[in-house]
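Structure below is run-v5.cif: mmCIF, C-alpha atoms and all ligand atoms.
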```
data_work
loop_
_atom_site.label_atom_id
_atom_site.label_comp_id
_atom_site.auth_asym_id
_atom_site.auth_seq_id
_atom_site.Cartn_x
_atom_site.Cartn_y
_atom_site.Cartn_z
CA MET E 1 11.91 -1.11 23.61
CA ASP E 2 10.67 1.54 21.19
CA ILE E 3 7.41 3.46 21.50
CA GLU E 4 5.58 0.73 19.58
CA GLY E 5 6.76 -1.84 22.13
CA HIS E 6 9.34 -3.56 19.90
CA GLU E 7 12.46 -4.90 21.55
CA HIS E 8 15.53 -3.98 19.49
CA VAL E 9 17.99 -6.86 19.45
CA ILE E 10 20.49 -5.11 17.17
CA GLU E 11 21.08 -1.37 17.36
CA ALA E 12 23.60 0.39 15.17
CA THR E 13 24.00 4.15 15.59
CA GLY E 14 26.26 6.33 13.45
CA LEU E 15 28.55 3.40 12.55
CA THR E 16 31.74 4.22 10.72
CA ARG E 17 34.43 1.78 9.59
CA VAL E 18 37.76 2.94 8.25
CA TYR E 19 40.27 0.41 6.88
CA ALA E 20 44.02 0.63 7.45
CA ASP E 21 44.54 2.33 4.08
CA GLY E 22 42.19 5.14 5.19
CA PHE E 23 39.22 3.99 3.09
CA GLU E 24 35.91 4.76 4.81
CA ALA E 25 33.73 1.77 3.90
CA VAL E 26 30.88 2.51 6.37
CA ARG E 27 29.87 6.15 6.84
CA GLY E 28 27.43 6.88 9.63
CA VAL E 29 25.07 3.92 9.36
CA THR E 30 22.09 3.84 11.75
CA PHE E 31 19.42 1.13 11.92
CA SER E 32 17.90 -1.32 14.34
CA VAL E 33 16.54 -4.85 14.11
CA ARG E 34 13.59 -5.98 16.20
CA ARG E 35 13.43 -9.29 18.02
CA GLY E 36 12.04 -12.04 15.79
CA GLU E 37 12.28 -10.22 12.47
CA ILE E 38 14.22 -10.83 9.27
CA PHE E 39 16.20 -7.72 8.31
CA ALA E 40 18.03 -7.57 4.95
CA LEU E 41 20.99 -5.37 4.05
CA LEU E 42 21.13 -4.76 0.31
CA GLY E 43 23.57 -2.85 -1.84
CA THR E 44 25.75 -3.06 -4.91
CA ASN E 45 29.21 -4.68 -4.75
CA GLY E 46 31.37 -2.71 -2.38
CA ALA E 47 28.45 -0.82 -0.80
CA GLY E 48 29.65 -1.81 2.68
CA LYS E 49 27.36 -4.72 3.62
CA THR E 50 30.05 -7.14 4.80
CA SER E 51 31.98 -4.31 6.46
CA THR E 52 28.83 -3.45 8.44
CA VAL E 53 27.91 -7.04 9.32
CA GLU E 54 31.45 -7.74 10.58
CA LEU E 55 31.07 -4.81 13.00
CA LEU E 56 27.77 -6.23 14.24
CA GLU E 57 29.37 -9.66 14.66
CA GLY E 58 32.09 -8.07 16.81
CA LEU E 59 34.88 -9.10 14.42
CA ALA E 60 36.12 -5.49 14.34
CA ALA E 61 35.49 -2.30 16.29
CA PRO E 62 33.88 0.70 14.57
CA ALA E 63 35.97 3.85 14.11
CA ALA E 64 32.95 5.76 15.40
CA GLY E 65 29.39 4.99 16.44
CA ARG E 66 27.73 2.58 18.83
CA ILE E 67 26.59 -1.03 18.45
CA ARG E 68 24.45 -3.07 20.77
CA VAL E 69 23.61 -6.72 20.10
CA LEU E 70 21.37 -8.25 22.75
CA GLY E 71 22.22 -5.21 24.86
CA HIS E 72 26.02 -5.67 24.67
CA ASP E 73 28.90 -4.21 22.70
CA PRO E 74 29.71 -7.21 20.42
CA HIS E 75 33.41 -6.36 20.17
CA ARG E 76 34.25 -5.48 23.77
CA GLU E 77 31.80 -7.91 25.34
CA ARG E 78 32.30 -10.72 22.88
CA ALA E 79 32.04 -13.42 25.56
CA ALA E 80 28.51 -12.27 26.42
CA VAL E 81 27.30 -11.99 22.83
CA ARG E 82 29.03 -14.78 20.89
CA PRO E 83 27.27 -17.79 22.53
CA ARG E 84 23.89 -16.27 21.69
CA THR E 85 24.62 -15.52 18.03
CA GLY E 86 25.17 -17.65 14.92
CA VAL E 87 27.35 -16.39 12.10
CA MET E 88 27.47 -17.53 8.48
CA LEU E 89 30.36 -15.73 6.83
CA GLN E 90 30.53 -15.05 3.11
CA GLU E 91 33.30 -17.64 2.78
CA GLY E 92 33.41 -20.43 5.33
CA GLY E 93 36.92 -21.79 4.85
CA PHE E 94 36.60 -25.34 6.25
CA PRO E 95 39.46 -27.85 6.58
CA ALA E 96 39.02 -29.64 3.25
CA GLY E 97 40.06 -33.11 4.44
CA LEU E 98 37.37 -33.56 7.12
CA THR E 99 33.97 -35.07 6.42
CA VAL E 100 30.80 -33.07 6.85
CA ALA E 101 30.00 -34.82 10.16
CA GLU E 102 33.57 -34.34 11.48
CA THR E 103 33.44 -30.64 10.57
CA ALA E 104 30.12 -30.22 12.38
CA ARG E 105 31.43 -32.12 15.44
CA MET E 106 34.61 -30.03 15.51
CA TRP E 107 32.51 -26.87 15.36
CA ALA E 108 30.13 -28.19 18.00
CA GLY E 109 33.15 -28.59 20.30
CA CYS E 110 33.65 -24.81 20.15
CA THR E 111 29.95 -23.99 20.57
CA SER E 112 28.29 -23.82 23.96
CA GLY E 113 25.08 -25.85 24.22
CA ALA E 114 25.50 -27.25 20.68
CA ARG E 115 22.63 -29.25 19.21
CA PRO E 116 23.37 -32.78 17.98
CA GLU E 117 25.30 -32.52 14.73
CA HIS E 118 23.01 -34.96 12.82
CA GLU E 119 19.95 -32.88 13.71
CA VAL E 120 21.41 -29.66 12.34
CA LEU E 121 22.75 -31.35 9.20
CA ALA E 122 19.29 -32.83 8.55
CA ARG E 123 17.76 -29.39 8.94
CA VAL E 124 19.81 -27.99 6.05
CA GLY E 125 19.36 -31.09 3.85
CA LEU E 126 22.87 -32.54 4.33
CA ALA E 127 21.92 -35.71 6.26
CA ASP E 128 23.00 -37.96 3.39
CA LYS E 129 26.35 -36.14 3.00
CA ARG E 130 27.60 -36.76 6.54
CA ARG E 131 30.43 -39.06 5.40
CA VAL E 132 31.45 -36.98 2.39
CA ARG E 133 34.66 -34.95 2.63
CA VAL E 134 34.11 -31.20 2.56
CA GLU E 135 36.39 -30.80 -0.48
CA GLN E 136 33.97 -33.02 -2.43
CA LEU E 137 30.91 -30.89 -1.68
CA SER E 138 29.42 -28.65 -4.35
CA GLY E 139 29.47 -24.89 -3.80
CA GLY E 140 25.80 -24.90 -2.79
CA GLU E 141 26.34 -27.79 -0.33
CA ARG E 142 29.19 -25.87 1.30
CA ARG E 143 26.87 -22.88 1.79
CA ARG E 144 24.39 -25.23 3.48
CA LEU E 145 27.15 -26.62 5.71
CA ASP E 146 28.01 -23.03 6.61
CA LEU E 147 24.39 -22.47 7.58
CA ALA E 148 24.30 -25.68 9.63
CA LEU E 149 27.34 -24.54 11.64
CA ALA E 150 25.70 -21.16 12.30
CA LEU E 151 22.65 -23.01 13.66
CA LEU E 152 24.55 -25.41 15.95
CA GLY E 153 24.23 -23.23 19.05
CA ASP E 154 20.50 -22.56 18.55
CA PRO E 155 21.23 -18.83 18.31
CA GLU E 156 18.89 -16.00 19.28
CA VAL E 157 20.45 -13.83 16.58
CA LEU E 158 21.61 -15.16 13.24
CA PHE E 159 23.92 -13.22 10.88
CA LEU E 160 23.82 -14.57 7.33
CA ASP E 161 26.19 -13.03 4.78
CA GLU E 162 24.81 -13.90 1.34
CA PRO E 163 23.29 -17.21 2.51
CA THR E 164 21.96 -18.32 -0.87
CA THR E 165 24.82 -17.34 -3.18
CA GLY E 166 25.70 -20.39 -5.28
CA LEU E 167 22.51 -22.29 -4.44
CA ASP E 168 20.21 -23.54 -7.19
CA ALA E 169 16.56 -22.44 -7.26
CA GLU E 170 15.40 -25.35 -5.09
CA GLY E 171 18.22 -24.90 -2.56
CA ARG E 172 17.41 -21.21 -2.36
CA ARG E 173 13.73 -21.90 -1.70
CA ASP E 174 14.65 -24.48 0.97
CA THR E 175 16.91 -21.93 2.68
CA TRP E 176 14.17 -19.29 2.57
CA ALA E 177 11.73 -21.75 4.15
CA LEU E 178 14.24 -22.57 6.89
CA VAL E 179 14.97 -18.90 7.60
CA ARG E 180 11.21 -18.19 7.86
CA GLU E 181 10.81 -21.19 10.17
CA LEU E 182 13.61 -19.86 12.41
CA ARG E 183 12.06 -16.38 12.43
CA ASP E 184 8.66 -17.85 13.31
CA ALA E 185 10.29 -19.67 16.22
CA GLY E 186 11.63 -16.30 17.49
CA THR E 187 15.14 -16.09 15.98
CA THR E 188 16.22 -12.62 14.84
CA VAL E 189 17.89 -12.79 11.42
CA LEU E 190 20.10 -10.21 9.76
CA LEU E 191 21.11 -11.17 6.22
CA THR E 192 22.89 -9.60 3.30
CA THR E 193 21.88 -10.51 -0.20
CA HIS E 194 22.29 -9.59 -3.86
CA TYR E 195 18.97 -11.19 -4.77
CA LEU E 196 16.25 -8.58 -4.70
CA GLU E 197 13.45 -11.15 -4.86
CA GLU E 198 15.02 -12.77 -1.77
CA ALA E 199 14.83 -9.49 0.15
CA GLU E 200 11.36 -8.68 -1.19
CA GLY E 201 9.96 -12.11 -0.32
CA LEU E 202 11.81 -12.80 2.92
CA ALA E 203 12.63 -9.59 4.75
CA ASP E 204 10.26 -7.94 7.20
CA ARG E 205 12.36 -4.78 6.87
CA LEU E 206 15.46 -3.87 4.89
CA ALA E 207 18.03 -1.18 4.25
CA ILE E 208 19.74 -0.38 0.96
CA LEU E 209 23.36 0.67 1.39
CA HIS E 210 25.13 2.81 -1.16
CA GLU E 211 28.77 3.84 -0.81
CA GLY E 212 28.73 3.16 2.93
CA ARG E 213 25.49 5.02 3.70
CA ILE E 214 21.87 3.95 4.02
CA ALA E 215 20.04 5.29 0.97
CA ALA E 216 16.61 3.81 1.80
CA SER E 217 15.09 1.68 4.54
CA GLY E 218 11.76 0.32 5.73
CA THR E 219 9.49 -2.58 4.86
CA PRO E 220 9.73 -3.74 1.22
CA ALA E 221 6.37 -2.02 0.63
CA GLU E 222 7.62 1.25 2.15
CA VAL E 223 10.81 1.22 0.08
CA THR E 224 8.89 0.62 -3.17
CA ALA E 225 5.92 2.89 -2.31
CA GLY E 226 5.44 5.72 -4.74
CA ARG E 227 7.66 4.13 -7.38
CA PRO E 228 6.03 4.01 -10.81
CA SER E 229 4.65 0.77 -12.25
CA ARG E 230 5.42 -0.35 -15.77
CA ILE E 231 3.36 -1.39 -18.79
CA SER E 232 4.96 -2.58 -22.01
CA PHE E 233 3.65 -4.11 -25.22
CA GLU E 234 4.27 -4.32 -28.95
CA LEU E 235 1.83 -2.89 -31.45
CA PRO E 236 1.08 -4.96 -34.57
CA ALA E 237 2.26 -3.84 -38.01
CA GLY E 238 0.31 -0.85 -39.30
CA HIS E 239 -0.17 0.64 -35.82
CA PHE E 240 2.05 3.30 -34.26
CA PRO E 241 2.60 4.67 -30.73
CA GLY E 242 0.96 7.93 -31.91
CA ASP E 243 -2.32 5.97 -32.36
CA LEU E 244 -2.63 5.39 -28.59
CA PRO E 245 -5.32 7.32 -26.74
CA PRO E 246 -4.22 10.43 -24.75
CA LEU E 247 -2.61 9.16 -21.56
CA ALA E 248 -2.05 12.54 -19.88
CA GLY E 249 -3.97 12.74 -16.61
CA LEU E 250 -3.66 8.97 -16.03
CA GLY E 251 -0.53 9.21 -13.89
CA VAL E 252 1.81 8.34 -16.79
CA CYS E 253 5.24 9.71 -15.96
CA GLY E 254 7.38 8.10 -18.62
CA HIS E 255 6.68 7.09 -22.18
CA GLU E 256 9.22 5.51 -24.53
CA SER E 257 8.82 3.76 -27.83
CA ASP E 258 11.25 1.79 -29.89
CA GLY E 259 9.59 1.21 -33.26
CA ARG E 260 6.30 -0.48 -32.33
CA ILE E 261 7.42 -1.43 -28.80
CA VAL E 262 5.89 0.88 -26.21
CA ARG E 263 7.01 1.23 -22.56
CA LEU E 264 5.00 3.29 -20.11
CA ARG E 265 5.76 4.22 -16.49
CA THR E 266 2.74 5.18 -14.45
CA ARG E 267 1.72 6.04 -10.93
CA GLU E 268 -1.84 4.90 -11.61
CA LEU E 269 -1.44 1.41 -12.95
CA GLN E 270 -5.08 0.39 -13.03
CA ARG E 271 -6.32 3.54 -14.81
CA THR E 272 -3.51 3.52 -17.38
CA ALA E 273 -3.82 -0.21 -18.07
CA THR E 274 -7.59 0.13 -18.44
CA ALA E 275 -7.24 3.01 -20.92
CA VAL E 276 -4.75 1.03 -23.03
CA LEU E 277 -6.80 -2.19 -22.93
CA VAL E 278 -10.10 -0.46 -23.73
CA TRP E 279 -8.42 1.28 -26.68
CA ALA E 280 -6.96 -2.04 -27.91
CA GLU E 281 -10.33 -3.78 -27.60
CA ARG E 282 -12.21 -1.00 -29.42
CA THR E 283 -9.71 -0.80 -32.27
CA GLY E 284 -9.26 -4.58 -32.51
CA VAL E 285 -5.51 -4.34 -31.84
CA GLU E 286 -3.63 -7.27 -30.30
CA LEU E 287 -1.00 -6.03 -27.81
CA ARG E 288 1.81 -8.56 -28.16
CA GLY E 289 4.03 -9.38 -25.20
CA LEU E 290 1.81 -7.32 -22.90
CA GLU E 291 3.47 -6.93 -19.48
CA VAL E 292 2.02 -5.08 -16.51
CA ARG E 293 4.36 -4.85 -13.49
CA SER E 294 3.81 -3.17 -10.14
CA ALA E 295 6.59 -1.08 -8.63
CA SER E 296 9.34 -3.42 -7.44
CA LEU E 297 12.29 -3.36 -5.12
CA GLU E 298 14.43 -3.84 -8.23
CA GLU E 299 13.39 -0.44 -9.51
CA ALA E 300 14.12 1.27 -6.19
CA PHE E 301 17.47 -0.53 -5.99
CA LEU E 302 18.53 0.30 -9.52
CA GLY E 303 17.51 3.92 -9.02
CA ILE E 304 19.80 4.14 -5.99
CA ALA E 305 22.62 2.20 -7.67
CA ARG E 306 22.50 4.52 -10.70
CA THR E 307 22.34 7.84 -8.91
CA GLY E 308 23.06 7.25 -5.24
CA VAL E 309 19.88 9.17 -4.45
CA PRO E 310 16.73 7.50 -3.14
CA PRO E 311 14.58 7.40 -6.28
CA LEU E 312 11.57 8.97 -4.65
CA ARG E 313 13.47 12.17 -3.97
CA ARG E 314 14.20 12.80 -7.61
CA SER E 315 10.89 11.74 -9.10
CA ARG E 316 9.61 15.19 -10.05
CA GLU E 317 9.02 13.93 -13.57
CA CYS E 318 6.37 11.61 -12.11
CA GLY E 319 4.56 14.52 -10.52
CA LYS E 320 5.09 13.39 -6.95
CA GLU E 321 7.88 13.93 -4.50
CA VAL E 322 8.13 11.85 -1.37
CA ALA E 323 11.02 11.66 1.09
CA ALA E 324 12.53 8.21 1.41
N1 LIG L 401 40.59 -4.73 4.32
C1 LIG L 401 40.19 -3.73 3.52
N2 LIG L 401 40.99 -2.68 3.26
C2 LIG L 401 40.58 -1.67 2.46
N3 LIG L 401 39.37 -1.61 1.86
C3 LIG L 401 38.54 -2.64 2.07
C4 LIG L 401 38.89 -3.76 2.91
N4 LIG L 401 37.86 -4.62 2.94
C5 LIG L 401 36.90 -4.08 2.17
N5 LIG L 401 37.31 -2.90 1.65
C6 LIG L 401 36.55 -2.00 0.75
O1 LIG L 401 35.40 -1.56 1.46
C7 LIG L 401 34.30 -1.43 0.54
C8 LIG L 401 33.12 -2.19 1.10
O2 LIG L 401 33.40 -3.59 1.05
P1 LIG L 401 32.36 -4.67 1.56
O3 LIG L 401 33.01 -6.01 1.41
O4 LIG L 401 31.85 -4.27 2.88
O5 LIG L 401 31.20 -4.45 0.49
P2 LIG L 401 29.92 -5.38 0.21
O6 LIG L 401 28.77 -4.44 0.15
O7 LIG L 401 29.85 -6.48 1.20
O8 LIG L 401 30.28 -5.91 -1.23
P3 LIG L 401 29.94 -7.33 -1.95
O9 LIG L 401 28.52 -7.27 -2.31
O10 LIG L 401 30.83 -7.26 -3.17
O11 LIG L 401 30.29 -8.43 -1.01
C9 LIG L 401 34.78 -1.93 -0.80
O12 LIG L 401 35.13 -0.81 -1.59
C10 LIG L 401 36.03 -2.74 -0.44
O13 LIG L 401 36.98 -2.69 -1.50
#
```

Show me this structure written as structure tokens.
Ligand SMILES: Nc1ncnc2c1ncn2[C@@H]1O[C@H](COP(=O)(O)OP(=O)(O)OP(=O)(O)O)[C@@H](O)[C@H]1O
Amino acid sequence: MDIEGHEHVIEATGLTRVYADGFEAVRGVTFSVRRGEIFALLGTNGAGKTSTVELLEGLAAPAAGRIRVLGHDPHRERAAVRPRTGVMLQEGGFPAGLTVAETARMWAGCTSGARPEHEVLARVGLADKRRVRVEQLSGGERRRLDLALALLGDPEVLFLDEPTTGLDAEGRRDTWALVRELRDAGTTVLLTTHYLEEAEGLADRLAILHEGRIAASGTPAEVTAGRPSRISFELPAGHFPGDLPPLAGLGVCGHESDGRIVRLRTRELQRTATAVLVWAERTGVELRGLEVRSASLEEAFLGIARTGVPPLRRSRECGKEVAA
């Protein structure tokens, strides 16, 4: 339990993973996941997400650091941890010749206290595919079968490595709904994802990995806090960016124009947007393609991916400096 009374189901402290060729893929990663929350690990390709999740799943031992899952070392005490966890790997690798139901039954045979196979398949929307051979499933259906197998043992902790990769928009929304339902029923979920809107909409807390280290972590709101918002529009012919009212003092920290297209970055979205709109109204100017966007996880992510530095630390140009 921490001082706020949260029980930490996953605790990773100073984790390091070094592959046989000497490459250090995970470099001192520390975070914890509370019981009943959805925690997302984000990062560019090769950032170390899968390498970290495999350590948490007990598939490999860290070169240094300490892991506790449900109070146990997942590698050394695998027998204590494995029956209480569900794992959806990035690539399932099923025997292609078996049907969906046979695959689930085979898996259930290796899972203690497995739920009935038809119930789990129905939960992921594969009830009508029970007699279809796995090799005939679409990529998205295979991901859902992977998820079904991870759910067979009714796990307390669920590890999902890129659970919605390859799913269409509807399949992705269905998976999000299911993951929320599981969280609401008390399951702790750790997932990796490349979809920032997935992390923003689904995760209670998240960490962004960059080159094996955590570059930012917290709730989605904490990770995006202090990032500038954006306003963009196109001025009509005969009007120029120089015609805009003075924006200094309105929190504007970036100002670009490309012909008549104007892009502003601001820390005071409402005041800047009001100044621009009042000016447009008074001068009778139509702002084409007007877009007003609050700070997003995408911006924080791209800032880290570009520079490796949490964006807030290098935001002097925006007149504010906050530690990530
Ligand atoms: N067996 C291995 N031997 C050597 N290096 C490896 C091995 N497996 C992974 N790596 C390297 O470790 C780094 C982290 O890989 P990892 O798969 O953890 O990244 P990731 O964040 O999950 O990436 P992605 O989003 O592409 O799945 C990469 O540079 C990768 O090439």

List every residue of region 17-98 of chain E that has an atom at most 10 Å from any atom of region 213-218 of chain E, giving for each one its closest atom pair and the distance in Å to one decimal, counting all atoms listed in the file, sorted by chain and then by ascending residue number, as CSV.
```
residue,atom,partner,partner_atom,distance
E:Ala25,CA,E:Arg213,CA,8.9
E:Val26,CA,E:Arg213,CA,6.5
E:Arg27,CA,E:Arg213,CA,5.5
E:Gly28,CA,E:Arg213,CA,6.5
E:Val29,CA,E:Arg213,CA,5.8
E:Thr30,CA,E:Ile214,CA,7.7
E:Phe31,CA,E:Ser217,CA,8.6
E:Phe39,CA,E:Gly218,CA,9.5
E:Ala40,CA,E:Ser217,CA,9.7
E:Leu41,CA,E:Ser217,CA,9.2
E:Leu42,CA,E:Ile214,CA,9.5
E:Gly43,CA,E:Ile214,CA,9.1
E:Ala47,CA,E:Arg213,CA,7.9
E:Gly48,CA,E:Arg213,CA,8.1
E:Lys49,CA,E:Arg213,CA,9.9
```

### Task
Identify, counting all atoms listed in the file, the protein, DNA and RNA residues located within 9 Å of ligand LIG 401 (chain L), and give them as a ChimeraX atom specification.
/E:17-26,41-54,90,161-162,192-194,209-212

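In this structure, CA of Asp154 (chain E) sits 9.2 Å away from CA of Pro83 (chain E).
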
### Task
Point out the residue among E:Glu268, E:Asp184, E:Glu102, E:Glu11 with the least atom-to-atom distance to Gly36 (chain E), counting all atoms listed in the file.
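That would be E:Asp184, the residue with the smallest distance to Gly36 (chain E).
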
### Query
When you draw a straight line from CA of Arg293 (chain E) to CA of Glu181 (chain E), how long is it in Å?
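Computed distance, CA of Arg293 (chain E) to CA of Glu181 (chain E), equals 29.5 Å.
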
### Query
Which is closest to Leu277 (chain E) among E:Val69, E:Ala148, E:Ile231, E:Met88, if we use all atoms listed in the file?
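For Leu277 (chain E), the nearest of the candidates is E:Ile231.
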
### Task
Would you please work out which residue, of E:Val124, E:Leu250, E:Val179, E:Val132, is nearest to Arg265 (chain E) when using all atoms listed in the file?
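Among the listed residues, E:Leu250 lies closest to Arg265 (chain E).
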
### Task
Would you mind listing what lies within 7 Å of Gly97 (chain E) as a ChimeraX atom specification, with all atoms listed in the file counted and same-chain residues fewer than 3 positions away left out?
/E:133-135

### Task
Give me, please, the distance in Å between CA of Thr85 (chain E) and CA of Glu156 (chain E), quoted to one decimal.
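Here the two named atoms are 5.9 Å from each other.
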